[in-house]
>>> print(open('entry.cif').read())   # mmCIF, C-alpha atoms
data_run
loop_
_atom_site.label_atom_id
_atom_site.label_comp_id
_atom_site.auth_asym_id
_atom_site.auth_seq_id
_atom_site.Cartn_x
_atom_site.Cartn_y
_atom_site.Cartn_z
CA ASP A 10 -80.57 -93.06 -43.20
CA ALA A 11 -83.06 -90.34 -43.99
CA LYS A 12 -86.19 -90.34 -41.88
CA THR A 13 -88.16 -88.14 -44.27
CA THR A 14 -89.62 -88.51 -47.74
CA GLN A 15 -90.51 -85.57 -49.94
CA PRO A 16 -91.60 -85.11 -53.56
CA THR A 17 -88.61 -84.60 -55.81
CA SER A 18 -89.95 -81.40 -57.33
CA MET A 19 -92.92 -79.04 -57.31
CA ASP A 20 -94.08 -75.95 -59.17
CA CYS A 21 -96.03 -73.03 -57.76
CA ALA A 22 -97.31 -69.82 -59.31
CA GLU A 23 -95.88 -66.57 -58.03
CA GLY A 24 -98.16 -64.97 -55.42
CA ARG A 25 -99.86 -68.24 -54.51
CA ALA A 26 -99.27 -70.31 -51.41
CA ALA A 27 -96.66 -73.03 -51.80
CA ASN A 28 -97.47 -76.15 -49.79
CA LEU A 29 -94.58 -78.57 -49.42
CA PRO A 30 -95.43 -81.99 -47.95
CA CYS A 31 -93.15 -84.26 -45.95
CA ASN A 32 -93.65 -87.76 -44.59
CA HIS A 33 -91.83 -88.81 -41.43
CA SER A 34 -93.79 -91.87 -40.36
CA THR A 35 -91.01 -93.30 -38.16
CA ILE A 36 -90.49 -90.15 -36.13
CA SER A 37 -90.13 -90.64 -32.38
CA GLY A 38 -91.90 -88.63 -29.71
CA ASN A 39 -88.96 -86.37 -28.86
CA GLU A 40 -87.77 -85.75 -32.42
CA TYR A 41 -88.36 -82.35 -33.94
CA VAL A 42 -89.15 -81.55 -37.57
CA TYR A 43 -86.97 -78.87 -39.14
CA TRP A 44 -87.17 -77.18 -42.51
CA TYR A 45 -84.26 -75.58 -44.34
CA ARG A 46 -83.94 -74.33 -47.86
CA GLN A 47 -80.95 -74.02 -50.14
CA ILE A 48 -80.93 -71.47 -52.89
CA HIS A 49 -78.54 -72.32 -55.69
CA SER A 50 -74.87 -71.82 -54.77
CA GLN A 51 -75.66 -70.84 -51.18
CA GLY A 52 -75.53 -72.55 -47.80
CA PRO A 53 -78.75 -73.94 -46.30
CA GLN A 54 -81.01 -71.38 -44.67
CA TYR A 55 -83.06 -72.20 -41.57
CA ILE A 56 -86.81 -71.71 -42.03
CA ILE A 57 -88.76 -73.14 -39.12
CA HIS A 58 -89.04 -76.09 -36.75
CA GLY A 59 -91.64 -77.74 -34.53
CA LEU A 60 -92.42 -80.72 -32.35
CA LYS A 61 -96.18 -81.24 -32.41
CA ASN A 62 -97.85 -77.83 -32.46
CA ASN A 63 -98.25 -75.79 -35.59
CA GLU A 64 -95.68 -73.04 -35.86
CA THR A 65 -95.54 -69.75 -37.76
CA ASN A 66 -92.81 -67.18 -38.27
CA GLU A 67 -92.07 -64.39 -40.71
CA MET A 68 -90.97 -66.85 -43.39
CA ALA A 69 -93.45 -69.71 -43.25
CA SER A 70 -95.94 -71.85 -41.39
CA LEU A 71 -95.41 -75.44 -40.32
CA ILE A 72 -98.42 -77.72 -39.99
CA ILE A 73 -97.77 -81.04 -38.24
CA THR A 74 -100.45 -83.73 -38.26
CA GLU A 75 -101.79 -84.93 -34.95
CA ASP A 76 -100.08 -88.32 -35.31
CA ARG A 77 -96.86 -86.49 -36.28
CA LYS A 78 -96.29 -88.78 -39.23
CA SER A 79 -96.34 -85.96 -41.73
CA SER A 80 -96.05 -82.21 -41.99
CA THR A 81 -96.51 -79.39 -44.49
CA LEU A 82 -94.44 -76.28 -44.94
CA ILE A 83 -96.47 -73.35 -46.21
CA LEU A 84 -94.97 -70.31 -47.91
CA PRO A 85 -98.02 -68.03 -47.91
CA HIS A 86 -97.21 -65.80 -50.89
CA ALA A 87 -94.47 -67.34 -52.96
CA THR A 88 -92.09 -65.08 -54.88
CA LEU A 89 -89.54 -65.91 -57.55
CA ARG A 90 -86.83 -65.67 -54.88
CA ASP A 91 -88.39 -68.63 -53.07
CA THR A 92 -87.17 -70.95 -55.83
CA ALA A 93 -84.88 -73.36 -53.97
CA VAL A 94 -84.46 -76.90 -52.69
CA TYR A 95 -86.49 -77.34 -49.49
CA TYR A 96 -85.30 -79.93 -46.99
CA CYS A 97 -87.53 -81.56 -44.40
CA ILE A 98 -85.33 -82.84 -41.60
CA VAL A 99 -85.78 -84.83 -38.42
CA ARG A 100 -83.64 -83.93 -35.44
CA VAL A 101 -82.67 -87.10 -33.63
CA PHE A 102 -80.97 -87.57 -30.30
CA PHE A 103 -77.74 -89.47 -30.55
CA ASP A 104 -75.10 -90.11 -27.90
CA SER A 105 -76.46 -87.41 -25.54
CA ASN A 106 -76.51 -84.92 -28.37
CA TYR A 107 -78.64 -84.36 -31.42
CA GLN A 108 -78.13 -84.52 -35.16
CA LEU A 109 -80.07 -83.30 -38.14
CA ILE A 110 -80.90 -86.16 -40.49
CA TRP A 111 -81.28 -84.69 -43.97
CA GLY A 112 -83.62 -86.05 -46.61
CA ALA A 113 -83.32 -85.63 -50.35
CA GLY A 114 -85.31 -82.38 -50.52
CA THR A 115 -87.95 -80.93 -52.83
CA LYS A 116 -86.93 -78.65 -55.65
CA LEU A 117 -89.53 -75.87 -55.62
CA ILE A 118 -89.81 -73.75 -58.74
CA ILE A 119 -91.85 -70.57 -58.53
CA LYS A 120 -93.20 -69.58 -61.91
CA PRO A 121 -94.20 -66.05 -62.93
CA SER B 28 -78.09 -65.44 -35.79
CA ALA B 29 -74.30 -65.55 -36.05
CA VAL B 30 -72.53 -64.65 -39.26
CA ILE B 31 -70.45 -67.50 -40.67
CA SER B 32 -67.83 -67.04 -43.36
CA GLN B 33 -65.73 -69.58 -45.22
CA LYS B 34 -62.54 -69.37 -47.21
CA PRO B 35 -62.00 -70.13 -50.00
CA SER B 36 -65.44 -69.86 -51.56
CA ARG B 37 -64.31 -72.17 -54.35
CA ASP B 38 -61.19 -73.87 -55.62
CA ILE B 39 -59.97 -76.17 -58.34
CA CYS B 40 -57.28 -78.59 -57.19
CA GLN B 41 -55.14 -81.33 -58.64
CA ARG B 42 -55.51 -84.88 -57.40
CA GLY B 43 -53.08 -85.86 -54.68
CA THR B 44 -52.92 -82.38 -53.17
CA SER B 45 -54.59 -81.09 -50.00
CA LEU B 46 -56.83 -78.10 -49.34
CA THR B 47 -57.56 -76.41 -46.03
CA ILE B 48 -60.92 -74.72 -45.65
CA GLN B 49 -61.39 -72.04 -43.01
CA CYS B 50 -64.57 -71.24 -41.10
CA GLN B 51 -64.90 -68.02 -39.10
CA VAL B 52 -67.85 -67.12 -36.86
CA ASP B 53 -68.55 -63.65 -35.53
CA SER B 54 -69.45 -64.94 -32.07
CA GLN B 55 -68.21 -67.65 -29.74
CA VAL B 56 -69.83 -71.03 -30.24
CA THR B 57 -69.22 -74.34 -28.53
CA MET B 58 -70.21 -76.70 -31.30
CA MET B 59 -69.12 -76.46 -34.91
CA PHE B 60 -69.87 -78.97 -37.63
CA TRP B 61 -68.46 -79.81 -41.03
CA TYR B 62 -70.70 -81.19 -43.78
CA ARG B 63 -70.16 -82.44 -47.29
CA GLN B 64 -72.65 -82.02 -50.09
CA GLN B 65 -71.84 -84.06 -53.17
CA PRO B 66 -73.22 -82.87 -56.53
CA GLY B 67 -77.00 -83.10 -56.61
CA GLN B 68 -77.12 -84.65 -53.14
CA SER B 69 -78.22 -83.69 -49.67
CA LEU B 70 -75.90 -82.88 -46.77
CA THR B 71 -73.78 -85.48 -44.97
CA LEU B 72 -72.17 -84.75 -41.62
CA ILE B 73 -68.40 -85.28 -41.66
CA ALA B 74 -67.53 -84.42 -38.07
CA THR B 75 -68.33 -82.38 -34.99
CA ALA B 76 -65.60 -80.06 -33.76
CA ASN B 77 -65.70 -78.85 -30.17
CA GLN B 78 -63.07 -76.48 -28.86
CA GLY B 79 -60.58 -78.16 -26.58
CA SER B 80 -61.27 -81.72 -27.67
CA GLU B 81 -60.68 -84.00 -30.61
CA ALA B 82 -63.20 -83.84 -33.41
CA THR B 83 -65.77 -86.62 -33.55
CA TYR B 84 -66.05 -88.21 -36.99
CA GLU B 85 -69.09 -89.86 -38.50
CA SER B 86 -69.04 -93.31 -40.02
CA GLY B 87 -67.18 -93.27 -43.30
CA PHE B 88 -64.99 -90.29 -42.46
CA VAL B 89 -61.54 -90.52 -40.88
CA ILE B 90 -59.16 -88.04 -39.36
CA ASP B 91 -56.31 -88.87 -41.76
CA LYS B 92 -58.46 -87.85 -44.71
CA PHE B 93 -60.28 -84.91 -43.09
CA PRO B 94 -58.16 -83.47 -40.26
CA ILE B 95 -59.93 -80.72 -38.36
CA SER B 96 -58.60 -77.99 -36.11
CA ARG B 97 -60.59 -75.98 -33.57
CA PRO B 98 -58.13 -73.59 -31.93
CA ASN B 99 -60.74 -71.29 -30.38
CA LEU B 100 -64.45 -70.66 -30.05
CA THR B 101 -64.78 -68.67 -33.29
CA PHE B 102 -62.66 -70.57 -35.79
CA SER B 103 -62.18 -74.01 -37.32
CA THR B 104 -60.45 -75.55 -40.31
CA LEU B 105 -61.15 -78.67 -42.33
CA THR B 106 -58.43 -80.14 -44.53
CA VAL B 107 -59.27 -82.42 -47.42
CA SER B 108 -56.15 -84.52 -47.83
CA ASN B 109 -54.72 -86.42 -50.79
CA MET B 110 -57.65 -85.37 -52.91
CA SER B 111 -59.26 -87.40 -55.65
CA PRO B 112 -62.05 -86.43 -58.07
CA GLU B 113 -64.53 -88.15 -55.73
CA ASP B 114 -63.83 -85.38 -53.20
CA SER B 115 -65.41 -82.81 -55.52
CA SER B 116 -68.20 -81.42 -53.37
CA ILE B 117 -69.43 -78.42 -51.46
CA TYR B 118 -68.02 -78.36 -47.94
CA LEU B 119 -70.12 -76.52 -45.38
CA CYS B 120 -69.34 -75.22 -41.92
CA SER B 121 -72.21 -75.07 -39.43
CA ILE B 122 -72.77 -73.87 -35.88
CA ARG B 123 -75.45 -74.50 -33.31
CA GLN B 124 -77.17 -71.72 -31.40
CA THR B 125 -79.88 -72.81 -28.97
CA GLU B 126 -81.99 -75.30 -30.94
CA THR B 127 -81.03 -74.22 -34.43
CA GLN B 128 -78.10 -74.88 -36.73
CA TYR B 129 -76.83 -72.21 -39.09
CA PHE B 130 -74.65 -72.75 -42.11
CA GLY B 131 -71.85 -70.94 -43.83
CA PRO B 132 -71.95 -70.19 -47.57
CA GLY B 133 -69.93 -73.29 -48.41
CA THR B 134 -66.69 -74.02 -50.25
CA ARG B 135 -67.07 -75.46 -53.74
CA LEU B 136 -64.22 -77.85 -54.47
CA LEU B 137 -63.45 -79.37 -57.85
CA VAL B 138 -60.69 -81.95 -58.02
CA LEU B 139 -59.22 -82.71 -61.42
#
>>> encode(input="entry.cif", output="structure tokens")
Amino acid sequence: DAKTTQPTSMDCAEGRAANLPCNHSTISGNEYVYWYRQIHSQGPQYIIHGLKNNETNEMASLIITEDRKSSTLILPHATLRDTAVYYCIVRVFFDSNYQLIWGAGTKLIIKP
Amino acid sequence: SAVISQKPSRDICQRGTSLTIQCQVDSQVTMMFWYRQQPGQSLTLIATANQGSEATYESGFVIDKFPISRPNLTFSTLTVSNMSPEDSSIYLCSIRQTETQYFGPGTRLLVL
């Protein structure tokens, strides 16, 4: 079962920051939060991941609340090419290995 | 990150037939994964394929329906056997490098 909940869809104006929320209230202390996106007709693309500290890379920033029950993915200057389904995922340990547990995703539409 | 390719990229098949999907990686990897993405849905893990051992299937997936081969560290195949229209999905190959999973472009399968 998915451990994350996300809004079904969101719009954002081109050039503005896109802030995508995710709730993961049942996350355990050793479970990471991952974000992927899937542009239509392509395989999922890794964006960023984190445990409890905020993270930033060339694609996005990840803000995780202090209680770790929610997080926000920030695309600082959205472009039309950022239109995609964004998945917030919890990485869980299972049988001495780990699995990505995928949620339903948020369809982000960037508007000109 | 590694480059992952899949063949075929798409296919239309008749019910009752089988299709073998190939996944090629440009570097050696220990763990490879096969996922299914049904229309409008998120990703579901079918099985984990490690070289030199039998694939490990997730609940709801069986080897007779989805036999997997892993002959070496750069290649794997997934066969969808005795297909029905319910098997119409995108099938995705994935690898793990350090703490991140990367995905192939997917194989779009339509079963008539």
>>> residues_around(input="entry.cif", residues="segment 18-29 of chain A", least_positions_apart="3", cutoff="6 Å", atoms="only C-alpha atoms", output="list in words")
Thr81, Leu82, Ile83, Leu84, Pro85, His86, Ala87, Thr88, Thr115, Lys116, Leu117, Ile118, Ile119, Lys120 and Pro121 of chain A
>>> resolve_selection(input="entry.cif", expression="the PyMOL selection byres ((chain B and resi 33) around 7)", output="PyMOL selection string")
chain B and resi 31-32+34-36+49-51+131-134
>>> axis_aligned_box(input="entry.cif", around="segment 61-75 of chain A", padding_each_side="3 Å", output="lines of an AutoDock Vina configuration file")
center_x = -96.4
center_y = -74.7
center_z = -37.9
size_x = 16.8
size_y = 26.5
size_z = 17.0
>>> closest_residue(input="entry.cif", among="A:Phe102, A:Gly52, A:Ser37, A:Leu89", to="Ser121 of chain B", atoms="only C-alpha atoms")
A:Gly52
>>> resolve_selection(input="entry.cif", expression="the PyMOL selection byres ((chain A) within 9 of (chain B))", output="PyMOL selection string")
chain A and resi 43+50-55+58+96+108-114
>>> residues_near_point(input="entry.cif", point="(-78.7, -72.4, -63.2)", cutoff="12 Å", atoms="all atoms listed in the file", output="CSV table (one decimal) with C-alpha atoms, keeping the file's coordinate frame")
chain,number,residue,atom,x,y,z
A,48,ILE,CA,-80.9,-71.5,-52.9
A,49,HIS,CA,-78.5,-72.3,-55.7
A,50,SER,CA,-74.9,-71.8,-54.8
A,92,THR,CA,-87.2,-71.0,-55.8
A,93,ALA,CA,-84.9,-73.4,-54.0
>>> closest_residue(input="entry.cif", among="A:Ile36, A:Glu64, A:Asn106, A:Tyr95", to="Pro16 of chain A", atoms="only C-alpha atoms")
A:Tyr95
>>> resolve_selection(input="entry.cif", expression="the PyMOL selection byres ((chain B and resi 94) around 8)", output="PyMOL selection string")
chain B and resi 89-93+95-96+105-108
